[in-house]
Amino acid sequence: MPQAIDFPGLDGFLGTRASLMLDVVFVSMFAVNAVMVWSLYQLRSRGRFSLHKWTQLALATVLLVAVTAFEIDMRVYGWEARAAGELEGSAGLLVWKALYVHLVFAISSAFLWPFVIYRALRQFPAPPAPGQHSRSHIFWARLAALDMLLTSITGWVFYVLAFV
Ligand code: HEM
C-alpha cells in the first residue's frame with residue numbers, strides 16, 4: 001500500500017490508489033445502473049411513466065454534478081501519478097487502451113443523454129404517456145441506457161487496471 005501523502009489531490013475510501021472522486025464515481029455507477037433498471041421495470045411492468053420521467057431526470061442531474069466534479073478533479077490533479085504501472089506513477093499500454101475504450105462510451109453518452117431527454121420532454125405529453133414519439137424514444141433511449149451501462153463497465157475495468 002503506497003503512502004497516501006505521495007499523491008496529488010484527496011485520497012479515496014476504497015483503499016486503492018484512486019482519488020476520492022474516482023471512488024465516488026466508481027461506486028455511484030452501481031447505483032445509477034440499479035436505479036435505471038428499477039425505472040425501466042416501473043415503466044414496463046407497471047406503466048408508471050411519470051415515475052420513469054422523474055427518475056431519469058434525477059439520474060441525469062446526479063450524473064451531471066458527479067461528472068463535473070470528476071472532470072475538475074481529473075483536470076486539476078490528473079490520474080496517471082496514482083496509476084499502478086510498472087514504474088511508480090505510470091500507466092501501461094493496456095491501461096491507456098482501456099481508458100480510450102471507456103471514453104468512447106462516456107463521450108457518446110454525454111451527447112446521447114441530453115439528446116434523448118430534450119426530445120422526450122418536447123415530444124411526450126405532460127404527464128408522459130405513449131404516443132407518436134414512442135418508437136423513436138424506445139430506439140434512442142434503449143441505446144442511451146445501453147451506452148451508460150457500457151460506460152460503467154468499461155469505467156470499472158479501467159479503474160481496476162489502473163488503480164488496484
Ligand atoms: C436519458 C433518459 C432516458 C432513458 C435512458 C429512457 C429510457 C427508456 C427506455 C429504454 C424505454 C423503453 C422501454 C422498453 O424497452 O419498452 C423508455 C420508454 C419511455 N420513456 Fe424513457 N427514458 C429517458 C427519459 C425519458 C423522459 C425524460 C421521459 C418523459 C418526458 C420519458 C418517457 C418515456 C415514455 C412515455 C416511455 C414509454 C414509451 C412507450 O412504451 O410507448 N423517458 N424510456
# chains A, B, ... in the order shown; residues from 1 in each chain; ligands from 1

$ residues_near_ligand --ligand "ligand 1" --cutoff "7 Å" --atoms "only C-alpha atoms and all ligand atoms" --output "ChimeraX atom specification"
/A:40,43-44,49,52-53,56-57,60,113-114,116-117,120-121,124,128-131,134-135,137-138,141-142,144-145

$ residues_around --residues "Phe26 (chain A)" --least-positions-apart "3" --cutoff "10 Å" --atoms "only C-alpha atoms" --output "PyMOL selection string"
chain A and resi 14+18+20-23+29-31+152-153+155-156+159-160

$ residues_around --residues "Gln42 (chain A)" --least-positions-apart "4" --cutoff "12 Å" --atoms "only C-alpha atoms" --output "MDAnalysis selection string"
chainID A and resid 35:38 46:56

$ atom_distance --atom1 "CA of Val101 (chain A)" --atom2 "CA of Ser28 (chain A)"
19.8 Å

$ residues_around --residues "region 79-85 of chain A" --least-positions-apart "6" --cutoff "10 Å" --atoms "only C-alpha atoms" --output "ChimeraX atom specification"
/A:2,4,6-9,11,16-19,22,73,91-93,95-96,159-164
